[in-house]
Structures are given as structure tokens and as C-alpha cells.
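Novice: Hey, dropping my_file00.cif in here, mmCIF, C-alpha atoms:
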data_data
loop_
_atom_site.group_PDB
_atom_site.id
_atom_site.type_symbol
_atom_site.label_atom_id
_atom_site.label_comp_id
_atom_site.auth_asym_id
_atom_site.auth_seq_id
_atom_site.Cartn_x
_atom_site.Cartn_y
_atom_site.Cartn_z
ATOM 1 C CA MET A 237 -9.576 -0.295 -20.401
ATOM 2 C CA LYS A 238 -11.281 2.363 -18.328
ATOM 3 C CA ASP A 239 -9.763 4.759 -15.832
ATOM 4 C CA ILE A 240 -10.295 4.733 -12.065
ATOM 5 C CA GLU A 241 -13.462 6.801 -11.831
ATOM 6 C CA ASN A 242 -15.171 6.228 -8.488
ATOM 7 C CA SER A 243 -15.246 4.466 -5.128
ATOM 8 C CA GLU A 244 -16.239 1.161 -6.686
ATOM 9 C CA ASP A 245 -13.167 1.250 -8.930
ATOM 10 C CA VAL A 246 -10.975 1.978 -5.890
ATOM 11 C CA LYS A 247 -12.462 -1.060 -4.139
ATOM 12 C CA ILE A 248 -11.758 -3.248 -7.175
ATOM 13 C CA LEU A 249 -8.165 -2.035 -7.269
ATOM 14 C CA VAL A 250 -7.497 -2.304 -3.535
ATOM 15 C CA ASN A 251 -9.107 -5.752 -3.271
ATOM 16 C CA ALA A 252 -7.130 -7.092 -6.242
ATOM 17 C CA PHE A 253 -3.917 -5.624 -4.843
ATOM 18 C CA TYR A 254 -4.288 -7.020 -1.333
ATOM 19 C CA LYS A 255 -5.335 -10.414 -2.659
ATOM 20 C CA LYS A 256 -1.929 -10.558 -4.359
ATOM 21 C CA VAL A 257 -0.071 -9.114 -1.362
ATOM 22 C CA GLU A 258 -1.615 -11.499 1.141
ATOM 23 C CA ASN A 259 -0.149 -14.487 -0.700
ATOM 24 C CA ASP A 260 3.100 -12.882 -1.820
ATOM 25 C CA GLU A 261 6.290 -14.667 -0.758
ATOM 26 C CA LYS A 262 8.348 -11.483 -0.312
ATOM 27 C CA ILE A 263 5.979 -9.221 1.613
ATOM 28 C CA GLY A 264 2.846 -11.188 2.484
ATOM 29 C CA PHE A 265 4.235 -12.253 5.854
ATOM 30 C CA PHE A 266 4.306 -8.611 7.028
ATOM 31 C CA PHE A 267 0.526 -8.567 6.718
ATOM 32 C CA THR A 268 -0.322 -12.123 7.762
ATOM 33 C CA LYS A 269 2.294 -13.032 10.362
ATOM 34 C CA ILE A 270 3.762 -9.823 11.751
ATOM 35 C CA ALA A 271 0.941 -7.267 11.666
ATOM 36 C CA ASN A 272 -1.783 -9.943 11.711
ATOM 37 C CA VAL A 273 -3.965 -7.681 9.588
ATOM 38 C CA ASP A 274 -7.705 -7.929 10.096
ATOM 39 C CA TRP A 275 -8.747 -7.531 6.453
ATOM 40 C CA GLU A 276 -12.319 -6.541 7.345
ATOM 41 C CA LEU A 277 -10.926 -3.517 9.196
ATOM 42 C CA HIS A 278 -7.933 -2.835 6.958
ATOM 43 C CA LEU A 279 -9.587 -2.820 3.540
ATOM 44 C CA PRO A 280 -12.164 -0.070 4.268
ATOM 45 C CA LYS A 281 -9.315 2.097 5.574
ATOM 46 C CA MET A 282 -7.402 1.490 2.356
ATOM 47 C CA TYR A 283 -10.462 2.356 0.256
ATOM 48 C CA ALA A 284 -10.724 5.662 2.134
ATOM 49 C CA PHE A 285 -6.966 6.255 1.890
ATOM 50 C CA TRP A 286 -6.862 5.828 -1.886
ATOM 51 C CA GLU A 287 -10.112 7.746 -2.448
ATOM 52 C CA THR A 288 -8.578 10.627 -0.517
ATOM 53 C CA LEU A 289 -5.365 10.514 -2.555
ATOM 54 C CA LEU A 290 -6.998 10.054 -5.952
ATOM 55 C CA PHE A 291 -10.187 12.105 -5.679
ATOM 56 C CA GLY A 292 -9.338 14.613 -2.950
ATOM 57 C CA GLU A 293 -12.156 13.368 -0.736
ATOM 58 C CA ALA A 294 -11.154 13.726 2.880
ATOM 59 C CA SER A 295 -12.572 10.334 3.818
ATOM 60 C CA TYR A 296 -9.325 8.933 5.276
ATOM 61 C CA LYS A 297 -8.506 9.771 8.859
ATOM 62 C CA GLY A 298 -5.270 8.345 10.132
ATOM 63 C CA ASN A 299 -1.509 8.296 10.014
ATOM 64 C CA PRO A 300 -0.223 5.507 7.759
ATOM 65 C CA MET A 301 3.383 6.173 8.718
ATOM 66 C CA ALA A 302 2.639 5.624 12.406
ATOM 67 C CA LYS A 303 0.987 2.270 11.643
ATOM 68 C CA HIS A 304 4.162 0.966 10.014
ATOM 69 C CA PHE A 305 6.659 1.818 12.764
ATOM 70 C CA PRO A 306 5.530 -0.963 15.154
ATOM 71 C CA VAL A 307 5.768 -3.510 12.323
ATOM 72 C CA ASN A 308 9.227 -2.178 11.461
ATOM 73 C CA GLU A 309 10.222 -2.661 15.108
ATOM 74 C CA MET A 310 9.344 -6.369 14.891
ATOM 75 C CA LYS A 311 10.871 -6.938 11.455
ATOM 76 C CA ALA A 312 12.635 -4.266 9.441
ATOM 77 C CA ILE A 313 10.642 -3.223 6.390
ATOM 78 C CA GLU A 314 13.452 -2.578 3.933
ATOM 79 C CA LYS A 315 13.650 -0.638 0.688
ATOM 80 C CA GLN A 316 13.413 -3.902 -1.271
ATOM 81 C CA HIS A 317 10.081 -4.650 0.414
ATOM 82 C CA PHE A 318 8.661 -1.270 -0.555
ATOM 83 C CA GLU A 319 9.968 -1.677 -4.096
ATOM 84 C CA HIS A 320 8.218 -5.031 -4.306
ATOM 85 C CA TRP A 321 5.013 -3.509 -2.865
ATOM 86 C CA LEU A 322 5.208 -0.843 -5.580
ATOM 87 C CA LYS A 323 5.774 -3.467 -8.277
ATOM 88 C CA ILE A 324 2.642 -5.347 -7.212
ATOM 89 C CA TRP A 325 0.641 -2.098 -6.993
ATOM 90 C CA THR A 326 1.770 -0.969 -10.453
ATOM 91 C CA GLU A 327 0.959 -4.364 -11.972
ATOM 92 C CA THR A 328 -2.461 -4.370 -10.341
ATOM 93 C CA VAL A 329 -3.273 -0.860 -11.545
ATOM 94 C CA THR A 330 -2.190 -1.559 -15.133
ATOM 95 C CA GLU A 331 -4.012 -4.907 -15.242
ATOM 96 C CA ASN A 332 -7.292 -3.241 -14.298
ATOM 97 C CA PHE A 333 -7.213 0.409 -15.346
ATOM 98 C CA SER A 334 -5.747 2.900 -17.775
ATOM 99 C CA GLY A 335 -5.866 6.682 -17.796
ATOM 100 C CA GLU A 336 -4.985 9.824 -15.854
ATOM 101 C CA VAL A 337 -6.205 8.647 -12.463
ATOM 102 C CA ALA A 338 -4.575 5.236 -12.931
ATOM 103 C CA ASP A 339 -1.314 7.022 -13.707
ATOM 104 C CA LEU A 340 -1.849 9.200 -10.619
ATOM 105 C CA ALA A 341 -2.343 6.058 -8.499
ATOM 106 C CA ILE A 342 1.047 4.772 -9.643
ATOM 107 C CA TYR A 343 2.696 8.158 -9.139
ATOM 108 C CA LYS A 344 1.301 8.523 -5.613
ATOM 109 C CA ALA A 345 2.291 4.943 -4.733
ATOM 110 C CA THR A 346 5.833 5.610 -5.980
ATOM 111 C CA ASN A 347 6.113 8.626 -3.690
ATOM 112 C CA ILE A 348 4.653 6.668 -0.769
ATOM 113 C CA SER A 349 7.031 3.781 -1.364
ATOM 114 C CA ASN A 350 10.081 6.041 -1.445
ATOM 115 C CA LEU A 351 9.065 8.025 1.635
ATOM 116 C CA MET A 352 8.104 4.954 3.666
ATOM 117 C CA ALA A 353 11.335 3.171 2.747
ATOM 118 C CA PHE A 354 13.358 6.199 3.848
ATOM 119 C CA LYS A 355 11.446 6.613 7.133
ATOM 120 C CA MET A 356 11.630 2.922 8.047
ATOM 121 C CA GLU A 357 15.343 2.749 7.211
ATOM 122 C CA THR A 358 15.980 5.838 9.328
ATOM 123 C CA ALA A 359 14.003 4.384 12.242
ATOM 124 C CA THR A 360 15.957 1.113 12.006
ATOM 125 C CA LYS A 361 19.300 2.949 11.985
ATOM 126 C CA LEU A 362 18.297 5.073 14.977
ATOM 127 C CA LYS A 363 17.300 1.932 16.863
ATOM 128 C CA ASN A 364 20.652 0.217 16.257
#
As C-alpha cells, please, write out the structure in this file.
Specialist:
Amino acid sequence: MKDIENSEDVKILVNAFYKKVENDEKIGFFFTKIANVDWELHLPKMYAFWETLLFGEASYKGNPMAKHFPVNEMKAIEKQHFEHWLKIWTETVTENFSGEVADLAIYKATNISNLMAFKMETATKLKN
């Protein structure tokens, strides 16, 4: 299996991941029912996000944390949800790629998952 090498590989990974997420029983509803994600707008942002993280290209402009707070207000995004997100991401990476950048994608996602879970939990506690 080849490593994640370019933008096209990022698109393959992100598309495969969100195809799983959209239909997932544990977290899919956050995307389809709560956030009502417009996939045509969301996916290009995710391509840019992961290209920025994996290749150092500054193509992503935005604040992913800020996008999650309104969703968390409607329905708490708990640690278990982020752990499940990470499980799907890791499976998707390892099903499609192998190598240093693939490992980096899993490492970065692990850090994101942990940080997001902490921030959302803190926001929920402050609200209550």
C-alpha cells in the first residue's frame, strides 16, 4: 500500500472517511441531523484542512473548534463520540494507505480528538 503523497490522496481519504461517518449509527446524526452538513461545502474544507496538517500547505483558513461549539450546544459531543470518530479515521487511513504520512494522519487525528473532546466537555460543564 502506498503512503499519502498528494492532494488527490487526501481527497480519497477524506471522501472514504466521510462516506463512513455519514451513515454511522453513533456519530452520523451529528453531521446529517444536527449540523445538517452541506457536503459540497464541507468536503473541500476538509481537503484543505488535512493538506495543511499533513503537508504544511497553508490552504486551510478557518477555526475548526469554533465550528463545533454550536453543534455541542444542540447536542453534547462527548468523549465517546470523538473516540469513535478517531476509530473510523484510523480504520479509513489503514485501509487505504501505509507509511510516514499515513501514520502522521493518525497521530494528528488522535491529538485533534483528545483536544476537541476536552474543549467540548469543558464547554458543556460551563453551560450547566
Novice: Quick one: apply the PyMOL selection byres ((chain A and resi 291) around 10) to the file and drop the selected residues here as a list in words.
Specialist: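 Applying the expression gives Ile240, Glu241, Asn242, Ser243, Trp286, Glu287, Thr288, Leu289, Leu290, Gly292, Glu293, Ala294, Ser295 and Val337 of chain A.
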Novice: Output the residue selection produced by the PyMOL selection byres ((chain A and resi 263) around 12) on the file above, formatted as JSON, numbers by chain.
Specialist: {"A": [254, 256, 257, 258, 259, 260, 261, 262, 264, 265, 266, 267, 268, 269, 270, 271, 311, 312, 313, 314, 315, 316, 317, 318, 319, 320, 321, 322, 323, 324]}
Novice: Can you pull out the residues contacting Lys281 in chain A? Cut-off 10 Å, using all atoms listed in the file, and skip same-chain residues under 6 positions away; I want them as a list in words.
Specialist: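 Near Lys281 in chain A, the qualifying residues are Trp275, Glu287, Ser295, Tyr296, Lys297, Gly298 and Pro300 of chain A.
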Novice: Rounded to one decimal, what separation in Å do you get between CA of Met352 in chain A and CA of Met301 in chain A?
Specialist: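 These two atoms are separated by 7.0 Å.
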Novice: Enumerate, as a list in words, the residues matched when the PyMOL selection byres ((chain A and resi 247) around 10) is run on the file above.
Specialist: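 Applying the PyMOL selection byres ((chain A and resi 247) around 10) to the structure shown produces Asn242, Ser243, Glu244, Asp245, Val246, Ile248, Leu249, Val250, Asn251, Ala252, Phe253, Leu279, Pro280, Met282, Tyr283, Ala284, Trp286 and Glu287 of chain A.
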Novice: Can you measure CA of Ala359 in chain A to CA of Phe305 in chain A for me? One decimal in Å is fine.
Specialist: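 Between CA of Ala359 in chain A and CA of Phe305 in chain A the gap works out to 7.8 Å.
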Novice: Could you check how far CA of Glu327 in chain A sits from CA of Val273 in chain A, in Å to one decimal?
Specialist: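 These two atoms are separated by 22.4 Å.
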Novice: Considering only C-alpha atoms, can you say which of A:Lys238, A:Asp274, A:Met310, A:Lys303 comes closest to Thr360 in chain A?
Specialist: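 Once distances to Thr360 in chain A are computed over only C-alpha atoms, the minimum belongs to A:Met310.
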Novice: My list of candidates is A:Lys355, A:Ala338, A:Ala345, A:Thr328. Which is closest to Lys255 in chain A when distances are computed with all atoms listed in the file?
Specialist: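 Answer, going by the shortest atom-to-atom distance: A:Thr328.
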Novice: Measuring between all atoms listed in the file, which one of A:Asn308, A:Thr326, A:Asn272, A:Asn299 shows the shortest distance to Ile342 in chain A?
Specialist: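 Looking at the shortest contact to Ile342 in chain A, the residue is A:Thr326.
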Novice: Taking into account all atoms listed in the file, which residue in the set A:Ser334, A:Pro306, A:Met237, A:Leu340 is nearest to Met356 in chain A?
Specialist: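 Using all atoms listed in the file, the shortest distance to Met356 in chain A belongs to A:Pro306.
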